[in-house]
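These notes concern the structure reproduced below.
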Amino acid sequence: MDLGIRGRTALVTGGSRGIGRCAAQRLLEEGARVAICGRTRETIEEAREDLARRTGGEVLAVQADTSREADIPHLVRAAADRFGGVDILVNNAGTMSSGRFAALADDALKLQLDTKLFGFLRLIREVVPHMRAQKWGRIVNLIGGAGKEPDPYMFGSGMTNSALLNLTKSLSTEFGEEGILVNAVCPGWVDTALWRRNAEGLAAELGAETEADARRLAARKNALNRFGKPEELADAIAFLCSERASYITGVSLNLDGGRLKALW
Ligand SMILES: NC(=O)c1ccc[n+]([C@@H]2O[C@H](COP(=O)([O-])OP(=O)(O)OC[C@H]3O[C@@H](n4cnc5c(N)ncnc54)[C@H](OP(=O)(O)O)[C@@H]3O)[C@@H](O)[C@H]2O)c1
């Protein structure tokens, strides 16, 4: 299926690794021009070269920390200057705030809120004028299942993610008549560096002796009984960014192999 986004311009935050990198690749394969960002210069440069080589597409790499307010206008301006606008935003940069109530320090929660809640919100604020100008836009927010089903071990992420779900739904109404579609995806466990950083803590939480046992126990909650691959997430994200998703807005799509069991 042709996704109908050839020549469109996309900004994928945190496109140097994991889900963001795979999403950037899918958008490039569909003919979009793509800007990625990350905090680490060498990593984004390596990703830029690799993505361009694999796809033959046009990739811009910008060093930016989306938890820092000042970096965001600079990031969006760099993409718009290079491509003449921003049609698609994948709000992906971020990490997970894992651990229970007793372990949550205010500073850790503030960093999570700065990166995901304020970072996503500020990026949307900067890209919307570009989308509004042409009455076409796609925004996809990477959230997470703990926003829908509170999990004591994901206390910090859960609070942040619930706010992001509210933001997604509210802005889909705000911008709908202007042709700007705002959707979310909620990953379950996906095989990336983020999972590996959390493996030890999750093993302790689950009473698992090894990382492999922790993975098995975590995956067992899924109908598919396995972790997701970043490529599987990227396909769904690219679809939501596309012309083919033209009647979808305000949804939060669970990409979790059937982990969440609620009807809605
Ligand atoms: N993997 C999962 O199981 C899972 C589950 C639920 C939700 N998610 C969400 O999915 C998104 C992607 O996760 P992932 O697993 O692909 O993570 P990952 O492998 O750790 O990759 C994260 C990417 O974001 C960048 N990044 C992180 N913080 C940033 C910041 N403040 N400013 C700019 N770039 C930043 C990283 O580069 P630098 O470190 O160089 O900045 C990297 O490119 C995240 O928002 C995460 O919360 C993931």
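FYI, nothing fancy with the structure tokens labels: chains A, B, ... in order, residues from 1 per chain, ligands from 1 as they appear.
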
Note to self: as number ranges by chain, please: the residues near Ala238 (chain A) (cut-off 9 Å, only C-alpha atoms, same-chain neighbours under 3 positions excluded).
What the structure shows: A: 3, 23-24, 26-27, 30, 233-235, 241-242

Next item on the list: Could you give me, as a PyMOL selection string, every polymer residue with an atom at most 7 Å away from an atom of ligand 1, counting only C-alpha atoms and all ligand atoms?
Entry: chain A and resi 13-21+37-40+43+64-67+92-96+115-116+142-145+186-195

Check: What's the 9 Å shell around region 208-222 of chain A, counting only C-alpha atoms, without same-chain residues fewer than 4 positions away, as a PyMOL selection string?
Finding: chain A and resi 188-189+196+199-200+202-204+226-227+256-260

Take the residues that were just selected and, keeping C-alpha atoms, output them as a PDB file, in the first residue's frame.
```pdb
ATOM      1  CA  GLY A 188       3.987  -2.624  25.632  1.00  0.00           C
ATOM      2  CA  TRP A 189       7.468  -4.085  26.101  1.00  0.00           C
ATOM      3  CA  ARG A 196      17.635  -3.372  28.545  1.00  0.00           C
ATOM      4  CA  ALA A 199      15.695  -5.216  32.797  1.00  0.00           C
ATOM      5  CA  GLU A 200      17.418  -5.379  36.183  1.00  0.00           C
ATOM      6  CA  LEU A 202      11.951  -5.364  36.352  1.00  0.00           C
ATOM      7  CA  ALA A 203      13.653  -8.638  37.281  1.00  0.00           C
ATOM      8  CA  ALA A 204      13.678  -7.531  40.930  1.00  0.00           C
ATOM      9  CA  ARG A 226       6.534 -12.150  23.254  1.00  0.00           C
ATOM     10  CA  PHE A 227       8.094  -8.699  23.193  1.00  0.00           C
ATOM     11  CA  ASP A 256       1.447  -4.336  22.993  1.00  0.00           C
ATOM     12  CA  GLY A 257       0.782  -7.814  21.595  1.00  0.00           C
ATOM     13  CA  GLY A 258      -2.517  -7.888  23.485  1.00  0.00           C
ATOM     14  CA  ARG A 259      -1.222  -6.965  26.947  1.00  0.00           C
ATOM     15  CA  LEU A 260      -4.006  -4.563  27.959  1.00  0.00           C
TER      16      LEU A 260
END
```

Next item on the list: Excluding region 70-78 of chain A and residues on its chain fewer than 6 positions from it, collect all residues at most 10 Å away from it, counting only C-alpha atoms, and give them as a PyMOL selection string.
Entry: chain A and resi 11+13+35-37+60-64+84-86+89+119-120+122-127+130

Next, dump the selected residues to file, keeping only N, CA and C atoms, as a PDB file, in the first residue's frame.
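As written to disk, part.pdb reads:
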```
ATOM      1  N   LEU A  11       9.405  15.114  11.277  1.00  0.00           N
ATOM      2  CA  LEU A  11      10.356  15.254  12.375  1.00  0.00           C
ATOM      3  C   LEU A  11      10.091  14.106  13.344  1.00  0.00           C
ATOM      4  N   THR A  13      11.426  12.757  16.784  1.00  0.00           N
ATOM      5  CA  THR A  13      12.337  13.042  17.901  1.00  0.00           C
ATOM      6  C   THR A  13      12.872  11.719  18.435  1.00  0.00           C
ATOM      7  N   ALA A  35      13.715  14.580   9.521  1.00  0.00           N
ATOM      8  CA  ALA A  35      14.673  15.089  10.507  1.00  0.00           C
ATOM      9  C   ALA A  35      14.578  14.233  11.756  1.00  0.00           C
ATOM     10  N   ILE A  36      15.736  13.902  12.316  1.00  0.00           N
ATOM     11  CA  ILE A  36      15.771  13.167  13.585  1.00  0.00           C
ATOM     12  C   ILE A  36      16.524  14.015  14.602  1.00  0.00           C
ATOM     13  N   CYS A  37      16.321  13.731  15.868  1.00  0.00           N
ATOM     14  CA  CYS A  37      17.132  14.413  16.884  1.00  0.00           C
ATOM     15  C   CYS A  37      17.480  13.436  17.989  1.00  0.00           C
ATOM     16  N   LEU A  60      17.997  14.733   7.963  1.00  0.00           N
ATOM     17  CA  LEU A  60      18.684  15.795   8.700  1.00  0.00           C
ATOM     18  C   LEU A  60      18.822  15.338  10.151  1.00  0.00           C
ATOM     19  N   ALA A  61      20.013  15.501  10.724  1.00  0.00           N
ATOM     20  CA  ALA A  61      20.211  15.147  12.136  1.00  0.00           C
ATOM     21  C   ALA A  61      20.475  16.420  12.932  1.00  0.00           C
ATOM     22  N   VAL A  62      19.709  16.607  13.993  1.00  0.00           N
ATOM     23  CA  VAL A  62      19.862  17.807  14.824  1.00  0.00           C
ATOM     24  C   VAL A  62      20.103  17.371  16.255  1.00  0.00           C
ATOM     25  N   GLN A  63      21.153  17.904  16.849  1.00  0.00           N
ATOM     26  CA  GLN A  63      21.392  17.594  18.258  1.00  0.00           C
ATOM     27  C   GLN A  63      20.450  18.454  19.097  1.00  0.00           C
ATOM     28  N   ALA A  64      19.590  17.819  19.872  1.00  0.00           N
ATOM     29  CA  ALA A  64      18.641  18.566  20.701  1.00  0.00           C
ATOM     30  C   ALA A  64      18.186  17.689  21.849  1.00  0.00           C
ATOM     31  N   GLY A  84      11.444  23.273   4.361  1.00  0.00           N
ATOM     32  CA  GLY A  84      10.368  24.192   3.985  1.00  0.00           C
ATOM     33  C   GLY A  84       9.095  24.012   4.803  1.00  0.00           C
ATOM     34  N   GLY A  85       9.165  23.268   5.876  1.00  0.00           N
ATOM     35  CA  GLY A  85       7.998  23.083   6.745  1.00  0.00           C
ATOM     36  C   GLY A  85       8.107  21.770   7.492  1.00  0.00           C
ATOM     37  N   VAL A  86       7.117  21.494   8.313  1.00  0.00           N
ATOM     38  CA  VAL A  86       7.042  20.191   8.989  1.00  0.00           C
ATOM     39  C   VAL A  86       5.600  19.707   8.857  1.00  0.00           C
ATOM     40  N   LEU A  89       4.855  15.027  12.726  1.00  0.00           N
ATOM     41  CA  LEU A  89       5.665  14.994  13.954  1.00  0.00           C
ATOM     42  C   LEU A  89       5.457  13.649  14.639  1.00  0.00           C
ATOM     43  N   GLY A 119       7.927  18.242  26.778  1.00  0.00           N
ATOM     44  CA  GLY A 119       8.635  18.099  25.507  1.00  0.00           C
ATOM     45  C   GLY A 119       7.653  17.899  24.355  1.00  0.00           C
ATOM     46  N   PHE A 120       6.706  16.972  24.522  1.00  0.00           N
ATOM     47  CA  PHE A 120       5.729  16.693  23.463  1.00  0.00           C
ATOM     48  C   PHE A 120       4.873  17.940  23.202  1.00  0.00           C
ATOM     49  N   ARG A 122       5.490  21.134  23.817  1.00  0.00           N
ATOM     50  CA  ARG A 122       6.231  22.247  23.187  1.00  0.00           C
ATOM     51  C   ARG A 122       6.508  21.953  21.722  1.00  0.00           C
ATOM     52  N   LEU A 123       6.792  20.701  21.409  1.00  0.00           N
ATOM     53  CA  LEU A 123       7.005  20.364  19.992  1.00  0.00           C
ATOM     54  C   LEU A 123       5.741  20.586  19.185  1.00  0.00           C
ATOM     55  N   ILE A 124       4.625  20.187  19.747  1.00  0.00           N
ATOM     56  CA  ILE A 124       3.352  20.392  19.038  1.00  0.00           C
ATOM     57  C   ILE A 124       3.124  21.888  18.830  1.00  0.00           C
ATOM     58  N   ARG A 125       3.386  22.671  19.858  1.00  0.00           N
ATOM     59  CA  ARG A 125       3.202  24.126  19.738  1.00  0.00           C
ATOM     60  C   ARG A 125       4.027  24.703  18.580  1.00  0.00           C
ATOM     61  N   GLU A 126       5.232  24.184  18.396  1.00  0.00           N
ATOM     62  CA  GLU A 126       6.123  24.726  17.349  1.00  0.00           C
ATOM     63  C   GLU A 126       5.771  24.227  15.950  1.00  0.00           C
ATOM     64  N   VAL A 127       5.259  22.994  15.842  1.00  0.00           N
ATOM     65  CA  VAL A 127       5.003  22.472  14.483  1.00  0.00           C
ATOM     66  C   VAL A 127       3.624  22.860  13.955  1.00  0.00           C
ATOM     67  N   HIS A 130       3.123  25.375  11.066  1.00  0.00           N
ATOM     68  CA  HIS A 130       3.509  24.858   9.739  1.00  0.00           C
ATOM     69  C   HIS A 130       2.385  23.995   9.158  1.00  0.00           C
TER      70      HIS A 130
END
```

Next item on the list: Would you return as number ranges by chain the members of region 45-229 of chain A that DSSP assigns to helix (DSSP H, G or I) on this structure's backbone?
Entry: A: 45-55, 71-83, 101-103, 106-134, 145-147, 155-178, 193-206, 211-220

Tell me, as a short mmCIF file (atom, residue, chain, number, x, y, z; two decimals) with N, CA and C atoms, in the first residue's frame, which residues lie within 7 Å of Thr9 (chain A), counting only C-alpha atoms; anything in the same chain fewer than 5 positions away does not count.
```
data_model
loop_
_atom_site.label_atom_id
_atom_site.label_comp_id
_atom_site.auth_asym_id
_atom_site.auth_seq_id
_atom_site.Cartn_x
_atom_site.Cartn_y
_atom_site.Cartn_z
N ALA A 32 9.18 10.20 2.40
CA ALA A 32 9.20 11.45 3.18
C ALA A 32 10.65 11.89 3.39
N ARG A 33 10.81 13.20 3.62
CA ARG A 33 12.11 13.71 4.04
C ARG A 33 12.05 13.83 5.56
N VAL A 34 13.10 13.40 6.25
CA VAL A 34 12.98 13.18 7.69
C VAL A 34 14.10 13.85 8.48
N PHE A 83 13.63 21.79 5.09
CA PHE A 83 12.61 21.13 4.28
C PHE A 83 11.48 22.05 3.82
N GLY A 85 9.17 23.27 5.88
CA GLY A 85 8.00 23.08 6.75
C GLY A 85 8.11 21.77 7.49
N VAL A 86 7.12 21.49 8.31
CA VAL A 86 7.04 20.19 8.99
C VAL A 86 5.60 19.71 8.86
N ASP A 87 5.40 18.58 8.17
CA ASP A 87 4.05 18.03 7.95
C ASP A 87 3.70 16.96 8.98
N ILE A 88 4.73 16.28 9.47
CA ILE A 88 4.52 15.11 10.33
C ILE A 88 5.43 15.23 11.55
#
```

Item checked: For Lys261 (chain A), the nearest of the candidates A:Leu111, A:Ile5, A:Lys148, A:Leu28, counting only C-alpha atoms ->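 Under the stated criterion, the closest residue is A:Lys148.
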
Next item on the list: Assign secondary structure with DSSP using the backbone only, and return the residues of region 80-237 of chain A in strand (DSSP E or B) as a list in words.
Entry: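 DSSP on the backbone gives strand (DSSP E or B) at Ile88, Leu89, Val90, Asn91, Gly99, Gly137, Arg138, Ile139, Val140, Asn141, Leu142, Met154, Ile180, Leu181, Val182, Asn183, Ala184, Val185, Cys186, Pro187, Val190 and Gly228 of chain A.
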
Limited to N, CA and C atoms, could you put the picked residues into a file as a PDB file, in the first residue's frame?
```pdb
ATOM      1  N   ILE A  88       4.733  16.281   9.468  1.00  0.00           N
ATOM      2  CA  ILE A  88       4.524  15.105  10.330  1.00  0.00           C
ATOM      3  C   ILE A  88       5.428  15.230  11.546  1.00  0.00           C
ATOM      4  N   LEU A  89       4.855  15.027  12.726  1.00  0.00           N
ATOM      5  CA  LEU A  89       5.665  14.994  13.954  1.00  0.00           C
ATOM      6  C   LEU A  89       5.457  13.649  14.639  1.00  0.00           C
ATOM      7  N   VAL A  90       6.552  12.937  14.871  1.00  0.00           N
ATOM      8  CA  VAL A  90       6.499  11.738  15.717  1.00  0.00           C
ATOM      9  C   VAL A  90       7.178  12.107  17.033  1.00  0.00           C
ATOM     10  N   ASN A  91       6.359  12.308  18.057  1.00  0.00           N
ATOM     11  CA  ASN A  91       6.852  12.668  19.390  1.00  0.00           C
ATOM     12  C   ASN A  91       7.279  11.385  20.083  1.00  0.00           C
ATOM     13  N   GLY A  99       9.568   2.012  38.632  1.00  0.00           N
ATOM     14  CA  GLY A  99       9.757   1.931  40.083  1.00  0.00           C
ATOM     15  C   GLY A  99       8.493   2.350  40.808  1.00  0.00           C
ATOM     16  N   GLY A 137      -1.686  17.880   8.565  1.00  0.00           N
ATOM     17  CA  GLY A 137      -0.664  17.550   9.558  1.00  0.00           C
ATOM     18  C   GLY A 137      -0.963  16.219  10.219  1.00  0.00           C
ATOM     19  N   ARG A 138       0.109  15.583  10.658  1.00  0.00           N
ATOM     20  CA  ARG A 138      -0.022  14.312  11.392  1.00  0.00           C
ATOM     21  C   ARG A 138       0.890  14.401  12.613  1.00  0.00           C
ATOM     22  N   ILE A 139       0.298  14.142  13.787  1.00  0.00           N
ATOM     23  CA  ILE A 139       1.081  14.100  15.023  1.00  0.00           C
ATOM     24  C   ILE A 139       0.834  12.743  15.668  1.00  0.00           C
ATOM     25  N   VAL A 140       1.915  12.027  15.981  1.00  0.00           N
ATOM     26  CA  VAL A 140       1.788  10.743  16.671  1.00  0.00           C
ATOM     27  C   VAL A 140       2.627  10.800  17.947  1.00  0.00           C
ATOM     28  N   ASN A 141       1.966  10.584  19.072  1.00  0.00           N
ATOM     29  CA  ASN A 141       2.639  10.609  20.369  1.00  0.00           C
ATOM     30  C   ASN A 141       2.902   9.184  20.857  1.00  0.00           C
ATOM     31  N   LEU A 142       4.155   8.915  21.219  1.00  0.00           N
ATOM     32  CA  LEU A 142       4.521   7.608  21.784  1.00  0.00           C
ATOM     33  C   LEU A 142       4.259   7.660  23.282  1.00  0.00           C
ATOM     34  N   MET A 154       5.135   1.120  37.517  1.00  0.00           N
ATOM     35  CA  MET A 154       5.299   2.169  36.496  1.00  0.00           C
ATOM     36  C   MET A 154       4.657   3.468  36.981  1.00  0.00           C
ATOM     37  N   ILE A 180      -5.401  18.650  10.890  1.00  0.00           N
ATOM     38  CA  ILE A 180      -4.250  18.145  11.660  1.00  0.00           C
ATOM     39  C   ILE A 180      -4.750  17.008  12.550  1.00  0.00           C
ATOM     40  N   LEU A 181      -4.260  15.803  12.307  1.00  0.00           N
ATOM     41  CA  LEU A 181      -4.713  14.620  13.039  1.00  0.00           C
ATOM     42  C   LEU A 181      -3.720  14.307  14.159  1.00  0.00           C
ATOM     43  N   VAL A 182      -4.265  14.071  15.349  1.00  0.00           N
ATOM     44  CA  VAL A 182      -3.411  13.834  16.521  1.00  0.00           C
ATOM     45  C   VAL A 182      -3.767  12.471  17.109  1.00  0.00           C
ATOM     46  N   ASN A 183      -2.822  11.560  17.073  1.00  0.00           N
ATOM     47  CA  ASN A 183      -3.048  10.210  17.579  1.00  0.00           C
ATOM     48  C   ASN A 183      -1.904   9.779  18.484  1.00  0.00           C
ATOM     49  N   ALA A 184      -2.122   8.650  19.147  1.00  0.00           N
ATOM     50  CA  ALA A 184      -1.091   8.121  20.045  1.00  0.00           C
ATOM     51  C   ALA A 184      -0.916   6.641  19.799  1.00  0.00           C
ATOM     52  N   VAL A 185       0.264   6.146  20.140  1.00  0.00           N
ATOM     53  CA  VAL A 185       0.433   4.698  20.234  1.00  0.00           C
ATOM     54  C   VAL A 185       0.927   4.380  21.646  1.00  0.00           C
ATOM     55  N   CYS A 186       0.475   3.252  22.149  1.00  0.00           N
ATOM     56  CA  CYS A 186       0.861   2.812  23.488  1.00  0.00           C
ATOM     57  C   CYS A 186       1.610   1.492  23.387  1.00  0.00           C
ATOM     58  N   PRO A 187       2.943   1.550  23.361  1.00  0.00           N
ATOM     59  CA  PRO A 187       3.701   0.300  23.287  1.00  0.00           C
ATOM     60  C   PRO A 187       3.625  -0.471  24.597  1.00  0.00           C
ATOM     61  N   VAL A 190       8.923  -3.448  24.297  1.00  0.00           N
ATOM     62  CA  VAL A 190       9.517  -3.526  22.961  1.00  0.00           C
ATOM     63  C   VAL A 190      11.024  -3.707  23.138  1.00  0.00           C
ATOM     64  N   GLY A 228       7.583  -6.933  21.614  1.00  0.00           N
ATOM     65  CA  GLY A 228       7.438  -6.365  20.282  1.00  0.00           C
ATOM     66  C   GLY A 228       8.802  -6.032  19.691  1.00  0.00           C
TER      67      GLY A 228
END
```

Note to self: Here is a test: counting only C-alpha atoms, which residue of A:Ile248, A:Leu51, A:Val59, A:Ala79 is nearest to Thr173 (chain A)?
What the structure shows: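 Distance minimum relative to Thr173 (chain A) lands on A:Ile248.
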